[in-house]
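Engineer: Submitted below is the structure of interest, expressed as structure tokens.
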Amino acid sequence: MKKSFLILFLVFVAWSSGAQIIINRDPEIKKMVEEISRERIEQNVRKLASFYTRHNMSEQNDAVKGIGAAWNWIKSEMEKSIPESDGRLKVELIDYTVGGRGQRITQETKLKNVIATLKGTDPGDDRIILISAHLDSRAALDNDNTSFAPGANDDGSGVAAILELIRIMSARKFSATIVFMTVSGEEHGLFGAKYMAAKAKEEKWNIVAMLNNDMIGNSASSETLLNDNMRVRVFSEGIPAYETEQMTASRKYTSGENDSRSRQLARYIKETGERYVEQMIVTLVYRNDRFGRGGDHTPFCQAGFTAVRVCEYNENYERTHKVPAIINGIQEGDLPEYVDYEYVRKNAGVDLATMANLALAPFEPVNCGIVVTGLTNKTTIKWETPATGVKPAGYYILMRETFQPLWEKKIFVTGNEVTIAYSKDNYFFGIQSVDVNGHESIAVFPGQTRRSPN
Ligand SMILES: [Zn+2]
């Protein structure tokens, strides 16, 4: 116990000095990250490509070809981890119906999502951490359901990473529940994710984080010929797609337009991912997604959940959504031989570290507020201890100057109130719960308060 508190103290010293960062890793999370196998990821990607096409209107009843063979194989791979989980892992196919005359999917089609749920060990912990990738692929034309569409990177890389995470994480225990989601319907309008977001909203899932992994295996750009497998993007919305009137008012009052919950998650991924994965920089992109492109996190944002997209830094447009062929001496198409498997391994590590750290962490502090009554050059912040989950050993007060994109200082405190000698007018603040082993919750951006919340 004493030793752990000492570790927290050292973290504070390091961050406040600004000169050095002490990296403290949970040995168990470190071990899990090291277990991620590049070879297995490659095998998974090659297997997914072997279904020839995973187009949403492709064959569903062939044993080796088409989207049906793909979702059956994914399900059977996920099920291999059930014994290791002592029965906590549940795998299911979830059906939904899309399409019809005049629509992008031209006739009514029943599609399936494959979902694996690793139940949390604490019955009082209802948090869900969700990771997603899409299992469908496409060729150049929307309705070309017969051409070779290997979809190795888009999004075989994301699905392969998820299968590897299930294998490793199912053998471990986490307080919160982890949902591993592979969805269909993405390439024709995010249908599988829309269905899941609506279901989650309807069933009131307490999703604290959703990580959409879509294209995490290409490290070389077309045209500009960049090569970099040390950098991954996390896209996050600024002003949330979903806001109540009260949320809008609070955002305007606190100037919180760069502090949405999704953005706090993005900052969390950067801090945690870089803590555990060596030779990796998580680059935060302060927009929801790329221009003219969609992703499965978006329906979750629209439903009011905290969701981001994890995506390669460099894209290759000769390989995306193209039928494999050699055109003007250039090999087009999304083939397995062009996936950088070491890069996928590292990106899967960023995911794993983030999810594990969060699933072991306490709940976020509640009713967080900055006291705005009275004129003072100091700042008083108050919050309440979360009622459920792991008991926090304390809290980190995060701060940064208002023009800075990332948190700059981290101060460890105990209790439910702190006054520090920095003016609330000149800084943004955040609050994280932290347990005795250093697992942090996502930061909460405090609202204004005129009274003690206690
Ligand atoms: Zn995709």
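By convention in this document, the chains of the structure tokens carry letters A, B, ... by their order, each chain's residues are numbered from 1, and ligands are numbered from 1 in the order they are shown.
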At a cut-off of 9 Å and counting only C-alpha atoms and all ligand atoms, what residues surround ligand 1? Please answer as a tab-separated table (two decimals) with N, CA and C atoms, in the first residue's frame.
Structural biologist:
chain	number	residue	atom	x	y	z
A	133	ALA	N	-14.57	-2.88	-34.76
A	133	ALA	CA	-13.97	-2.85	-36.10
A	133	ALA	C	-15.05	-3.37	-37.05
A	134	HIS	N	-14.90	-3.12	-38.35
A	134	HIS	CA	-15.94	-3.64	-39.25
A	134	HIS	C	-15.44	-4.83	-40.06
A	135	LEU	N	-16.32	-5.83	-40.17
A	135	LEU	CA	-15.94	-7.08	-40.81
A	135	LEU	C	-16.23	-7.10	-42.30
A	136	ASP	N	-17.03	-6.15	-42.79
A	136	ASP	CA	-17.35	-6.13	-44.22
A	136	ASP	C	-16.22	-5.47	-45.02
A	137	SER	N	-16.18	-5.76	-46.32
A	137	SER	CA	-15.21	-5.12	-47.22
A	137	SER	C	-15.96	-4.66	-48.45
A	151	GLY	N	-9.99	-6.59	-48.47
A	151	GLY	CA	-10.19	-5.77	-47.27
A	151	GLY	C	-9.20	-6.12	-46.17
A	153	ASN	N	-6.52	-4.39	-45.02
A	153	ASN	CA	-6.31	-3.29	-44.07
A	153	ASN	C	-7.65	-2.71	-43.63
A	154	ASP	N	-8.59	-2.58	-44.58
A	154	ASP	CA	-9.90	-1.96	-44.34
A	154	ASP	C	-10.99	-3.03	-44.33
A	155	ASP	N	-11.35	-3.60	-43.27
A	155	ASP	CA	-10.81	-3.33	-41.96
A	155	ASP	C	-10.37	-4.65	-41.34
A	156	GLY	N	-9.73	-5.50	-42.22
A	156	GLY	CA	-9.18	-6.74	-41.69
A	156	GLY	C	-8.22	-6.46	-40.54
A	158	GLY	N	-8.32	-4.08	-38.28
A	158	GLY	CA	-9.06	-3.81	-37.04
A	158	GLY	C	-9.65	-5.08	-36.44
A	186	GLU	N	-20.79	-1.51	-42.55
A	186	GLU	CA	-20.08	-0.23	-42.47
A	186	GLU	C	-19.97	0.45	-43.83
A	187	GLU	N	-19.53	-0.34	-44.81
A	187	GLU	CA	-19.21	0.24	-46.13
A	187	GLU	C	-20.44	0.78	-46.88
A	213	ASN	N	-11.70	0.98	-34.29
A	213	ASN	CA	-10.44	0.71	-35.00
A	213	ASN	C	-10.75	0.45	-36.46
A	214	ASP	N	-10.59	1.45	-37.29
A	214	ASP	CA	-10.88	1.27	-38.71
A	214	ASP	C	-9.65	1.68	-39.51
A	215	MET	N	-8.98	0.70	-40.09
A	215	MET	CA	-7.73	0.86	-40.84
A	215	MET	C	-6.59	1.24	-39.91
A	294	GLY	N	-16.73	8.23	-43.37
A	294	GLY	CA	-17.50	7.94	-42.15
A	294	GLY	C	-16.81	6.87	-41.33
A	295	GLY	N	-17.28	6.73	-40.11
A	295	GLY	CA	-16.74	5.68	-39.25
A	295	GLY	C	-17.75	5.26	-38.20
A	296	ASP	N	-17.55	4.06	-37.69
A	296	ASP	CA	-18.53	3.45	-36.79
A	296	ASP	C	-18.61	4.10	-35.40
A	320	THR	N	-7.17	1.43	-51.17
A	320	THR	CA	-8.46	1.49	-50.49
A	320	THR	C	-9.61	1.42	-51.49
Engineer: List the neighbours of Met230 (chain A) out to 10 Å using only C-alpha atoms; skip same-chain residues closer than 4 positions along the sequence, and give me the result as a list of chain:residue names.
Structural biologist: A:Ser219, A:Val277, A:Glu278, A:Gln279, A:Met280, A:Ile281, A:Val282, A:Glu312, A:Tyr313, A:Glu342, A:Tyr343, A:Lys346, A:Asn347
Engineer: Next, dump the selected residues to file, keeping only N, CA and C atoms, as an mmCIF file, in the first residue's frame.
Structural biologist:
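Saved the output as result05.cif:
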data_model
loop_
_atom_site.group_PDB
_atom_site.id
_atom_site.type_symbol
_atom_site.label_atom_id
_atom_site.label_comp_id
_atom_site.auth_asym_id
_atom_site.auth_seq_id
_atom_site.Cartn_x
_atom_site.Cartn_y
_atom_site.Cartn_z
ATOM 1 N N SER A 219 1.121 1.790 -43.246
ATOM 2 C CA SER A 219 2.071 2.767 -42.703
ATOM 3 C C SER A 219 2.735 3.622 -43.781
ATOM 4 N N VAL A 277 3.344 1.306 -25.033
ATOM 5 C CA VAL A 277 3.826 0.850 -26.348
ATOM 6 C C VAL A 277 5.036 1.682 -26.747
ATOM 7 N N GLU A 278 6.145 1.021 -26.894
ATOM 8 C CA GLU A 278 7.369 1.744 -27.235
ATOM 9 C C GLU A 278 7.409 2.077 -28.719
ATOM 10 N N GLN A 279 8.097 3.115 -29.064
ATOM 11 C CA GLN A 279 8.196 3.593 -30.454
ATOM 12 C C GLN A 279 6.817 3.922 -31.024
ATOM 13 N N MET A 280 6.016 4.608 -30.260
ATOM 14 C CA MET A 280 4.676 4.931 -30.727
ATOM 15 C C MET A 280 4.261 6.324 -30.269
ATOM 16 N N ILE A 281 3.770 7.096 -31.200
ATOM 17 C CA ILE A 281 3.230 8.416 -30.878
ATOM 18 C C ILE A 281 1.762 8.423 -31.269
ATOM 19 N N VAL A 282 0.920 8.746 -30.314
ATOM 20 C CA VAL A 282 -0.510 8.863 -30.607
ATOM 21 C C VAL A 282 -0.777 10.331 -30.939
ATOM 22 N N GLU A 312 -4.790 4.664 -38.877
ATOM 23 C CA GLU A 312 -3.417 4.869 -39.345
ATOM 24 C C GLU A 312 -3.172 6.346 -39.687
ATOM 25 N N TYR A 313 -1.911 6.746 -39.592
ATOM 26 C CA TYR A 313 -1.559 8.154 -39.864
ATOM 27 C C TYR A 313 -1.489 8.409 -41.361
ATOM 28 N N GLU A 342 3.698 -5.267 -37.962
ATOM 29 C CA GLU A 342 4.330 -4.717 -36.758
ATOM 30 C C GLU A 342 3.570 -3.457 -36.307
ATOM 31 N N TYR A 343 3.124 -2.704 -37.280
ATOM 32 C CA TYR A 343 2.335 -1.488 -36.984
ATOM 33 C C TYR A 343 0.986 -1.863 -36.361
ATOM 34 N N LYS A 346 1.478 -2.748 -32.762
ATOM 35 C CA LYS A 346 1.639 -1.596 -31.875
ATOM 36 C C LYS A 346 0.301 -0.891 -31.632
ATOM 37 N N ASN A 347 -0.488 -0.774 -32.682
ATOM 38 C CA ASN A 347 -1.796 -0.127 -32.515
ATOM 39 C C ASN A 347 -2.709 -0.949 -31.609
#
Engineer: Region 322-378 of chain A near region 41-62 of chain A within 8 Å: what's each residue's closest atom pair and its distance in Å to one decimal, counting only C-alpha atoms, ordered by chain then ascending residue number, as JSON lines?
Structural biologist:
{"residue": "A:Leu335", "atom": "CA", "partner": "A:Ala49", "partner_atom": "CA", "distance": 7.5}
{"residue": "A:Pro336", "atom": "CA", "partner": "A:Arg46", "partner_atom": "CA", "distance": 5.9}
{"residue": "A:Tyr341", "atom": "CA", "partner": "A:Glu42", "partner_atom": "CA", "distance": 6.2}
{"residue": "A:Val344", "atom": "CA", "partner": "A:Ile41", "partner_atom": "CA", "distance": 7.6}
{"residue": "A:Arg345", "atom": "CA", "partner": "A:Ile41", "partner_atom": "CA", "distance": 7.3}
Engineer: Which residues come within 8 Å of region 116-119 of chain A, counting only C-alpha atoms, excluding same-chain residues fewer than 4 positions away, as JSON, numbers by chain?
Structural biologist: {"A": [78, 85, 88, 89, 90, 91, 92, 170, 176, 177, 178, 179, 180, 181]}
Engineer: Please dump the current selection as a JSON list (two decimals), in the first residue's frame; keep N, CA and C atoms.
Structural biologist:
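Written out: result18.json:
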[["chain", "number", "residue", "atom", "x", "y", "z"],
["A", 78, "MET", "N", -13.53, -16.22, -31.81],
["A", 78, "MET", "CA", -13.82, -15.60, -30.51],
["A", 78, "MET", "C", -14.15, -16.67, -29.46],
["A", 85, "SER", "N", -11.67, -17.93, -20.13],
["A", 85, "SER", "CA", -12.36, -16.86, -19.40],
["A", 85, "SER", "C", -13.18, -17.38, -18.22],
["A", 88, "ARG", "N", -16.76, -16.31, -18.49],
["A", 88, "ARG", "CA", -17.17, -14.89, -18.48],
["A", 88, "ARG", "C", -17.35, -14.34, -19.88],
["A", 89, "LEU", "N", -16.71, -14.98, -20.87],
["A", 89, "LEU", "CA", -16.82, -14.49, -22.25],
["A", 89, "LEU", "C", -18.04, -15.11, -22.92],
["A", 90, "LYS", "N", -18.86, -14.22, -23.50],
["A", 90, "LYS", "CA", -20.06, -14.67, -24.22],
["A", 90, "LYS", "C", -19.92, -14.17, -25.65],
["A", 91, "VAL", "N", -20.19, -15.06, -26.62],
["A", 91, "VAL", "CA", -20.06, -14.68, -28.03],
["A", 91, "VAL", "C", -21.42, -14.82, -28.70],
["A", 92, "GLU", "N", -21.84, -13.81, -29.42],
["A", 92, "GLU", "CA", -23.15, -13.91, -30.08],
["A", 92, "GLU", "C", -23.15, -13.25, -31.46],
["A", 170, "SER", "N", -9.19, -12.22, -22.32],
["A", 170, "SER", "CA", -10.18, -13.13, -21.74],
["A", 170, "SER", "C", -9.61, -13.94, -20.58],
["A", 176, "ALA", "N", -14.56, -3.77, -14.87],
["A", 176, "ALA", "CA", -15.59, -3.36, -15.83],
["A", 176, "ALA", "C", -15.75, -4.40, -16.93],
["A", 177, "THR", "N", -16.86, -4.32, -17.64],
["A", 177, "THR", "CA", -17.13, -5.23, -18.77],
["A", 177, "THR", "C", -16.50, -4.68, -20.05],
["A", 178, "ILE", "N", -15.93, -5.58, -20.83],
["A", 178, "ILE", "CA", -15.34, -5.18, -22.12],
["A", 178, "ILE", "C", -16.15, -5.83, -23.24],
["A", 179, "VAL", "N", -16.59, -5.02, -24.18],
["A", 179, "VAL", "CA", -17.35, -5.53, -25.33],
["A", 179, "VAL", "C", -16.49, -5.39, -26.59],
["A", 180, "PHE", "N", -16.22, -6.52, -27.23],
["A", 180, "PHE", "CA", -15.44, -6.57, -28.47],
["A", 180, "PHE", "C", -16.43, -6.74, -29.61],
["A", 181, "MET", "N", -16.45, -5.77, -30.50],
["A", 181, "MET", "CA", -17.52, -5.73, -31.48],
["A", 181, "MET", "C", -16.94, -5.79, -32.88]]
Engineer: Could you tell me which of A:Ser423, A:Thr97, A:Ser175, A:Gln432 comes closest to Thr388 (chain A) if we count only C-alpha atoms?
Structural biologist: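 For Thr388 (chain A), the nearest of the candidates is A:Ser175.
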Engineer: Run DSSP on the backbone and give me the residues of region 244-440 of chain A it puts in strand (DSSP E), as a PyMOL selection string.
Structural biologist: chain A and resi 281-285+307-312+325-327+330-332+366-371+379-384+394-401+409-413+417-420+427-434
Engineer: For the residues in the current selection, export C-alpha atoms as a compact mmCIF listing (two decimals), in the first residue's frame.
Structural biologist:
# COMPACT_ATOMS: atom_id res chain seq x y z
CA ILE A 281 3.23 8.42 -30.88
CA VAL A 282 -0.51 8.86 -30.61
CA THR A 283 -1.42 11.93 -32.64
CA LEU A 284 -4.69 13.52 -31.66
CA VAL A 285 -6.71 14.89 -34.53
CA ALA A 307 -16.41 7.51 -28.88
CA VAL A 308 -13.29 8.02 -31.01
CA ARG A 309 -11.69 6.62 -34.14
CA VAL A 310 -8.24 5.01 -34.05
CA CYS A 311 -6.75 5.12 -37.55
CA GLU A 312 -3.42 4.87 -39.35
CA ALA A 325 -5.05 -5.12 -60.33
CA ILE A 326 -1.82 -3.69 -61.70
CA ILE A 327 -2.61 -0.28 -63.18
CA ILE A 330 1.21 0.09 -59.65
CA GLN A 331 -0.42 -2.73 -57.69
CA GLU A 332 -3.83 -1.54 -56.56
CA VAL A 366 -18.83 12.95 -9.72
CA ASN A 367 -20.35 16.44 -9.47
CA CYS A 368 -17.03 18.06 -10.34
CA GLY A 369 -17.13 21.82 -10.17
CA ILE A 370 -14.92 24.89 -10.04
CA VAL A 371 -16.09 27.38 -7.44
CA THR A 379 -8.80 28.07 -7.87
CA THR A 380 -10.98 25.84 -5.73
CA ILE A 381 -12.24 22.60 -7.25
CA LYS A 382 -14.73 20.27 -5.55
CA TRP A 383 -15.99 16.82 -6.41
CA GLU A 384 -17.60 13.76 -4.88
CA GLY A 394 -6.97 9.85 -4.60
CA TYR A 395 -7.41 12.14 -7.56
CA TYR A 396 -5.26 13.85 -10.14
CA ILE A 397 -5.95 17.50 -10.76
CA LEU A 398 -4.96 18.07 -14.38
CA MET A 399 -4.21 21.51 -15.71
CA ARG A 400 -3.10 23.22 -18.86
CA GLU A 401 -2.99 26.72 -20.23
CA LYS A 409 0.51 19.18 -15.06
CA LYS A 410 -0.87 16.44 -12.88
CA ILE A 411 -1.22 16.99 -9.14
CA PHE A 412 -2.09 14.11 -6.83
CA VAL A 413 -4.52 15.01 -4.05
CA GLU A 417 -11.66 19.54 -2.53
CA VAL A 418 -8.49 21.38 -3.45
CA THR A 419 -7.42 25.00 -3.63
CA ILE A 420 -4.36 25.75 -5.74
CA TYR A 427 -6.11 27.50 -17.03
CA PHE A 428 -8.32 24.59 -17.91
CA PHE A 429 -8.67 21.89 -15.29
CA GLY A 430 -9.62 18.24 -15.26
CA ILE A 431 -10.07 15.64 -12.51
CA GLN A 432 -9.29 11.92 -12.62
CA SER A 433 -9.88 9.26 -10.01
CA VAL A 434 -6.86 7.02 -9.46
Engineer: From the set A:Ser76, A:Asn206, A:Asn143, A:Thr224, which residue has the shortest atom-to-atom contact distance to Thr106 (chain A), counting only C-alpha atoms?
Structural biologist: A:Asn143
Engineer: Nearest to Ile29 (chain A) among A:Gly333, A:Gly447, A:Gly438, A:Gly374, with distances taken over only C-alpha atoms: which residue is it?
Structural biologist: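 Under the stated criterion, the closest residue is A:Gly438.
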Engineer: Going by DSSP on the backbone, which bits of region 121-344 of chain A are helix (DSSP H, G or I)? Write them as a PyMOL selection string, please.
Structural biologist: chain A and resi 152-169+186-188+191-202+245-254+261-276+297-302+336-338+341-344
Engineer: For each of A:Met32, A:Leu163, A:Ala152, A:Val208, take the minimum atom-to-atom distance to Gly349 (chain A), counting only C-alpha atoms, then give the residue where this is smallest.
Structural biologist: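 So, comparing all the options, the nearest one is A:Met32.
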Engineer: Which of these, A:Asn426, A:Gln246, A:Thr146, A:Gln103, has the shortest distance to Gln404 (chain A) once you count only C-alpha atoms?
Structural biologist: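 With only C-alpha atoms as the atom set, the closest residue is A:Asn426.
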Engineer: So the first atom is CA of Ala303 (chain A) and the second is CA of Tyr195 (chain A); what is the distance between them in Å, to one decimal place?
Structural biologist: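 Computed distance, CA of Ala303 (chain A) to CA of Tyr195 (chain A), equals 11.1 Å.
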